[in-house]
Amino acid sequence: MGDFKPGGEFTRLLTALAAFNGLVLVTLIITYAVPVVQGAVARRKLAFSISLLGSSPQEMVWRAWQHNNTQGFENALGQISSDLIQCSEQRLAYPLLDLFHCRQSRFSLGVQLGRLDDALSLLTEGLQSDYRWNSFTVDNTRNVISHYLDRSEQKSNNADVGAPPLPAIGLLKIKNVPLADNQDDAFDHQKNRRVRLHRLVRREGWEWSAVEREDSDAL
């Protein structure tokens with residue numbers, strides 16, 4: 001209001017520094033907060049896009065198998081991979097994004113990545129050898145998921161988390177999808193990867209059971 005003013009050279013200097021400091025802080029807060037919010041929205045958007053493929057790993061597999069829509073499924077994977085790369089780099093630039101948790105599993109990126117990765121494991125490892133779904137797009141998607149795990153890994157948290165249960169296959173058996181005889185062998189070399197995914201799911205406030213079904217609220 002102008003009721004007080006600096007009376008000497010030193011106090012005038014301090015006043016100028018305080019004003020400059022306030023301007024810089026406000027500017028930094030705004031320029032940092034906006035990308036963080038955009039990053040949180042991007043993660044929710046990507047998680048919801050993945051959820052549209054199916055509400056469980058076996059439903060994702062069945063929908064891809066039922067419609068025999070290889071091209072459509074791989075187009076969706078291509079877009080998911082592109083968006084996930086962006087989320088990975090945003091996570092590196094803004095670790096604060098890990099503090100944003102979602103109360104609905106369809107918007108939780110960790111839950112949806114666990115679901116998608118199990119579905120891809122079923123398609124590439126869990127089917128009989130003549131029917132396995134191997135392609136450049138699928139391999140790229142799995143590599144991008146690994147990249148995201150590398151970016152978001154926090155070894156100090158949930159270090160005691162073990163490998164989650166194997167994905168359910170009851171629906172696929174009923175629908176006569178040609179599954180491999182021994183799912184334990186098919187998923188054996190995926191153990192470490194699934195442990196890392198389990199940690200990611202737990203860090204976002206969920207149990208692995210949310211990966212196997214569509215939940216409305218966080219556990």
# chains A, B, ... in the order shown; residues from 1 in each chain; ligands from 1
>>> residues_around(residues="A:Thr15", least_positions_apart="4", cutoff="8 Å", atoms="only C-alpha atoms", output="CSV table (one decimal) with C-alpha atoms, in the first residue's frame")
chain,number,residue,atom,x,y,z
A,6,PRO,CA,13.0,1.4,2.5
A,11,THR,CA,17.1,-1.8,2.6
A,19,ALA,CA,10.3,-8.5,-5.1
>>> residues_around(residues="stretch 111-113 of chain A", least_positions_apart="2", cutoff="8 Å", atoms="only C-alpha atoms", output="ChimeraX atom specification")
/A:47,50-51,105-109,115-117,145,197,201,206,208,210-211
>>> write_last_selection(atoms="C-alpha atoms", output="PDB file, in the first residue's frame")
ATOM      1  CA  ALA A  47      -4.794 -45.922 -18.624  1.00  0.00           C
ATOM      2  CA  ILE A  50      -5.754 -49.515 -22.278  1.00  0.00           C
ATOM      3  CA  SER A  51      -8.862 -50.387 -20.252  1.00  0.00           C
ATOM      4  CA  SER A 105      -8.683 -48.871 -11.613  1.00  0.00           C
ATOM      5  CA  ARG A 106      -9.532 -47.923 -15.175  1.00  0.00           C
ATOM      6  CA  PHE A 107      -7.571 -44.693 -14.629  1.00  0.00           C
ATOM      7  CA  SER A 108      -4.623 -46.303 -12.832  1.00  0.00           C
ATOM      8  CA  LEU A 109      -1.740 -46.696 -15.266  1.00  0.00           C
ATOM      9  CA  ARG A 115      -3.246 -56.127 -17.226  1.00  0.00           C
ATOM     10  CA  LEU A 116      -1.876 -55.398 -20.701  1.00  0.00           C
ATOM     11  CA  ASP A 117       1.456 -57.090 -20.019  1.00  0.00           C
ATOM     12  CA  ILE A 145       6.596 -51.139 -20.809  1.00  0.00           C
ATOM     13  CA  LEU A 197       4.841 -54.798 -12.349  1.00  0.00           C
ATOM     14  CA  VAL A 201       0.626 -51.701  -8.905  1.00  0.00           C
ATOM     15  CA  TRP A 206      -3.782 -51.267  -5.514  1.00  0.00           C
ATOM     16  CA  TRP A 208      -2.898 -57.340  -7.902  1.00  0.00           C
ATOM     17  CA  ALA A 210      -7.464 -55.294  -9.471  1.00  0.00           C
ATOM     18  CA  VAL A 211      -5.461 -56.392 -12.528  1.00  0.00           C
TER      19      VAL A 211
END
>>> residues_around(residues="stretch 61-66 of chain A", least_positions_apart="4", cutoff="7 Å", atoms="only C-alpha atoms", output="list in words")
Pro57, Thr70, Phe73, Ala119, Leu123 and Leu172 of chain A
>>> write_last_selection(atoms="C-alpha atoms", output="PDB file, in the first residue's frame")
ATOM      1  CA  PRO A  57      -5.962 -60.004 -19.250  1.00  0.00           C
ATOM      2  CA  THR A  70      -4.795 -58.472 -35.628  1.00  0.00           C
ATOM      3  CA  PHE A  73      -5.230 -54.693 -32.000  1.00  0.00           C
ATOM      4  CA  ALA A 119      -2.423 -60.268 -21.883  1.00  0.00           C
ATOM      5  CA  LEU A 123      -0.660 -64.122 -26.504  1.00  0.00           C
ATOM      6  CA  LEU A 172     -10.219 -68.856 -22.634  1.00  0.00           C
TER       7      LEU A 172
END
>>> atom_distance(atom1="atom CA of A:Ala40", atom2="atom CA of A:His147")
18.3 Å
>>> select_by_dssp(residues="stretch 87-149 of chain A", states="alpha helix (DSSP H)", output="ChimeraX atom specification")
/A:87-93,109-124,136-149
>>> write_last_selection(atoms="N, CA and C atoms", output="CSV table (one decimal), in the first residue's frame")
chain,number,residue,atom,x,y,z
A,87,CYS,N,4.8,-40.7,-21.3
A,87,CYS,CA,4.6,-40.7,-19.9
A,87,CYS,C,5.8,-41.1,-19.2
A,88,SER,N,6.7,-42.0,-19.8
A,88,SER,CA,7.9,-42.4,-19.2
A,88,SER,C,8.9,-41.2,-19.0
A,89,GLU,N,8.9,-40.4,-20.0
A,89,GLU,CA,9.8,-39.2,-20.0
A,89,GLU,C,9.3,-38.2,-19.0
A,90,GLN,N,8.0,-38.0,-19.0
A,90,GLN,CA,7.4,-37.1,-18.0
A,90,GLN,C,7.7,-37.5,-16.6
A,91,ARG,N,7.6,-38.8,-16.4
A,91,ARG,CA,7.9,-39.4,-15.0
A,91,ARG,C,9.4,-39.0,-14.6
A,92,LEU,N,10.3,-39.1,-15.6
A,92,LEU,CA,11.7,-38.7,-15.3
A,92,LEU,C,11.8,-37.3,-15.0
A,93,ALA,N,11.1,-36.4,-15.7
A,93,ALA,CA,11.2,-35.0,-15.5
A,93,ALA,C,10.5,-34.5,-14.3
A,109,LEU,N,-2.6,-46.2,-14.2
A,109,LEU,CA,-1.7,-46.7,-15.3
A,109,LEU,C,-1.0,-48.0,-14.8
A,110,GLY,N,-0.7,-48.1,-13.6
A,110,GLY,CA,0.0,-49.3,-13.1
A,110,GLY,C,-0.8,-50.5,-13.2
A,111,VAL,N,-2.1,-50.4,-12.9
A,111,VAL,CA,-3.1,-51.5,-13.0
A,111,VAL,C,-3.2,-51.9,-14.5
A,112,GLN,N,-3.4,-50.9,-15.3
A,112,GLN,CA,-3.6,-51.2,-16.7
A,112,GLN,C,-2.4,-51.8,-17.4
A,113,LEU,N,-1.2,-51.3,-17.0
A,113,LEU,CA,0.0,-51.9,-17.6
A,113,LEU,C,0.2,-53.4,-17.2
A,114,GLY,N,-0.1,-53.7,-15.9
A,114,GLY,CA,-0.1,-55.0,-15.4
A,114,GLY,C,-1.1,-55.9,-16.2
A,115,ARG,N,-2.2,-55.4,-16.5
A,115,ARG,CA,-3.2,-56.1,-17.2
A,115,ARG,C,-2.8,-56.4,-18.7
A,116,LEU,N,-2.3,-55.3,-19.3
A,116,LEU,CA,-1.9,-55.4,-20.7
A,116,LEU,C,-0.7,-56.3,-20.8
A,117,ASP,N,0.3,-56.2,-19.9
A,117,ASP,CA,1.5,-57.1,-20.0
A,117,ASP,C,1.1,-58.6,-19.8
A,118,ASP,N,0.2,-58.9,-18.9
A,118,ASP,CA,-0.2,-60.3,-18.8
A,118,ASP,C,-0.9,-60.8,-20.0
A,119,ALA,N,-1.7,-59.9,-20.6
A,119,ALA,CA,-2.4,-60.3,-21.9
A,119,ALA,C,-1.4,-60.6,-23.0
A,120,LEU,N,-0.4,-59.7,-23.1
A,120,LEU,CA,0.6,-59.9,-24.1
A,120,LEU,C,1.4,-61.2,-23.8
A,121,SER,N,1.6,-61.5,-22.5
A,121,SER,CA,2.3,-62.7,-22.2
A,121,SER,C,1.5,-64.0,-22.6
A,122,LEU,N,0.2,-63.9,-22.4
A,122,LEU,CA,-0.7,-65.0,-22.8
A,122,LEU,C,-0.6,-65.2,-24.3
A,123,LEU,N,-0.7,-64.0,-25.0
A,123,LEU,CA,-0.7,-64.1,-26.5
A,123,LEU,C,0.7,-64.6,-27.1
A,124,THR,N,1.8,-64.3,-26.4
A,124,THR,CA,3.1,-64.6,-27.0
A,124,THR,C,3.7,-65.9,-26.4
A,136,PHE,N,6.4,-57.5,-34.5
A,136,PHE,CA,7.3,-56.3,-34.2
A,136,PHE,C,6.6,-55.4,-33.2
A,137,THR,N,5.3,-55.1,-33.5
A,137,THR,CA,4.5,-54.2,-32.6
A,137,THR,C,4.4,-54.7,-31.2
A,138,VAL,N,4.1,-56.0,-31.0
A,138,VAL,CA,4.0,-56.6,-29.7
A,138,VAL,C,5.3,-56.5,-29.0
A,139,ASP,N,6.4,-56.8,-29.6
A,139,ASP,CA,7.7,-56.7,-29.0
A,139,ASP,C,8.1,-55.3,-28.6
A,140,ASN,N,7.7,-54.3,-29.5
A,140,ASN,CA,8.0,-52.9,-29.2
A,140,ASN,C,7.2,-52.5,-27.9
A,141,THR,N,5.9,-52.9,-27.9
A,141,THR,CA,5.1,-52.5,-26.7
A,141,THR,C,5.7,-53.1,-25.4
A,142,ARG,N,6.1,-54.3,-25.4
A,142,ARG,CA,6.7,-54.9,-24.2
A,142,ARG,C,8.0,-54.1,-23.8
A,143,ASN,N,8.8,-53.7,-24.8
A,143,ASN,CA,10.0,-53.0,-24.6
A,143,ASN,C,9.7,-51.6,-24.0
A,144,VAL,N,8.6,-51.0,-24.5
A,144,VAL,CA,8.2,-49.7,-23.9
A,144,VAL,C,7.8,-49.8,-22.5
A,145,ILE,N,7.0,-50.9,-22.2
A,145,ILE,CA,6.6,-51.1,-20.8
A,145,ILE,C,7.8,-51.3,-19.9
A,146,SER,N,8.8,-52.0,-20.4
A,146,SER,CA,10.1,-52.2,-19.6
A,146,SER,C,10.7,-50.8,-19.4
A,147,HIS,N,10.7,-50.0,-20.4
A,147,HIS,CA,11.3,-48.7,-20.3
A,147,HIS,C,10.6,-47.9,-19.2
A,148,TYR,N,9.2,-48.0,-19.2
A,148,TYR,CA,8.5,-47.3,-18.2
A,148,TYR,C,8.8,-47.8,-16.8
A,149,LEU,N,8.9,-49.1,-16.6
A,149,LEU,CA,9.3,-49.7,-15.3
A,149,LEU,C,10.7,-49.2,-14.9
>>> residues_around(residues="A:Leu171", least_positions_apart="6", cutoff="9 Å", atoms="only C-alpha atoms", output="ChimeraX atom specification")
/A:58-59,62,177
>>> write_last_selection(atoms="C-alpha atoms", output="compact mmCIF listing (two decimals), in the first residue's frame")
# COMPACT_ATOMS: atom_id res chain seq x y z
CA GLN A 58 -8.02 -62.94 -20.49
CA GLU A 59 -10.74 -60.63 -21.81
CA TRP A 62 -10.34 -63.21 -26.00
CA VAL A 177 -8.61 -70.85 -27.27
>>> atom_distance(atom1="atom CA of A:Ala168", atom2="atom CA of A:Asp181")
14.0 Å
>>> atom_distance(atom1="atom CA of A:Ala16", atom2="atom CA of A:Thr31")
22.6 Å
>>> closest_atom_pairs(of="stretch 137-188 of chain A", to="stretch 193-196 of chain A", cutoff="7 Å", atoms="only C-alpha atoms", output="Markdown table")
| residue | atom | partner | partner_atom | distance |
| --- | --- | --- | --- | --- |
| A:Val161 | CA | A:Val195 | CA | 6.8 |
| A:Gly162 | CA | A:Val195 | CA | 5.6 |
| A:Ala163 | CA | A:Val195 | CA | 4.5 |
| A:Pro164 | CA | A:Arg194 | CA | 6.8 |
>>> write_last_selection(atoms="N, CA and C atoms", output="short mmCIF file (atom, residue, chain, number, x, y, z; two decimals), in the first residue's frame")
data_model
loop_
_atom_site.label_atom_id
_atom_site.label_comp_id
_atom_site.auth_asym_id
_atom_site.auth_seq_id
_atom_site.Cartn_x
_atom_site.Cartn_y
_atom_site.Cartn_z
N VAL A 161 7.77 -57.45 -2.23
CA VAL A 161 6.67 -57.91 -3.08
C VAL A 161 7.16 -59.05 -3.97
N GLY A 162 6.39 -60.13 -4.03
CA GLY A 162 6.76 -61.27 -4.85
C GLY A 162 6.01 -61.27 -6.18
N ALA A 163 6.20 -62.35 -6.92
CA ALA A 163 5.51 -62.48 -8.20
C ALA A 163 4.01 -62.68 -7.96
N PRO A 164 3.17 -62.01 -8.73
CA PRO A 164 1.73 -62.17 -8.55
C PRO A 164 1.24 -63.49 -9.12
#
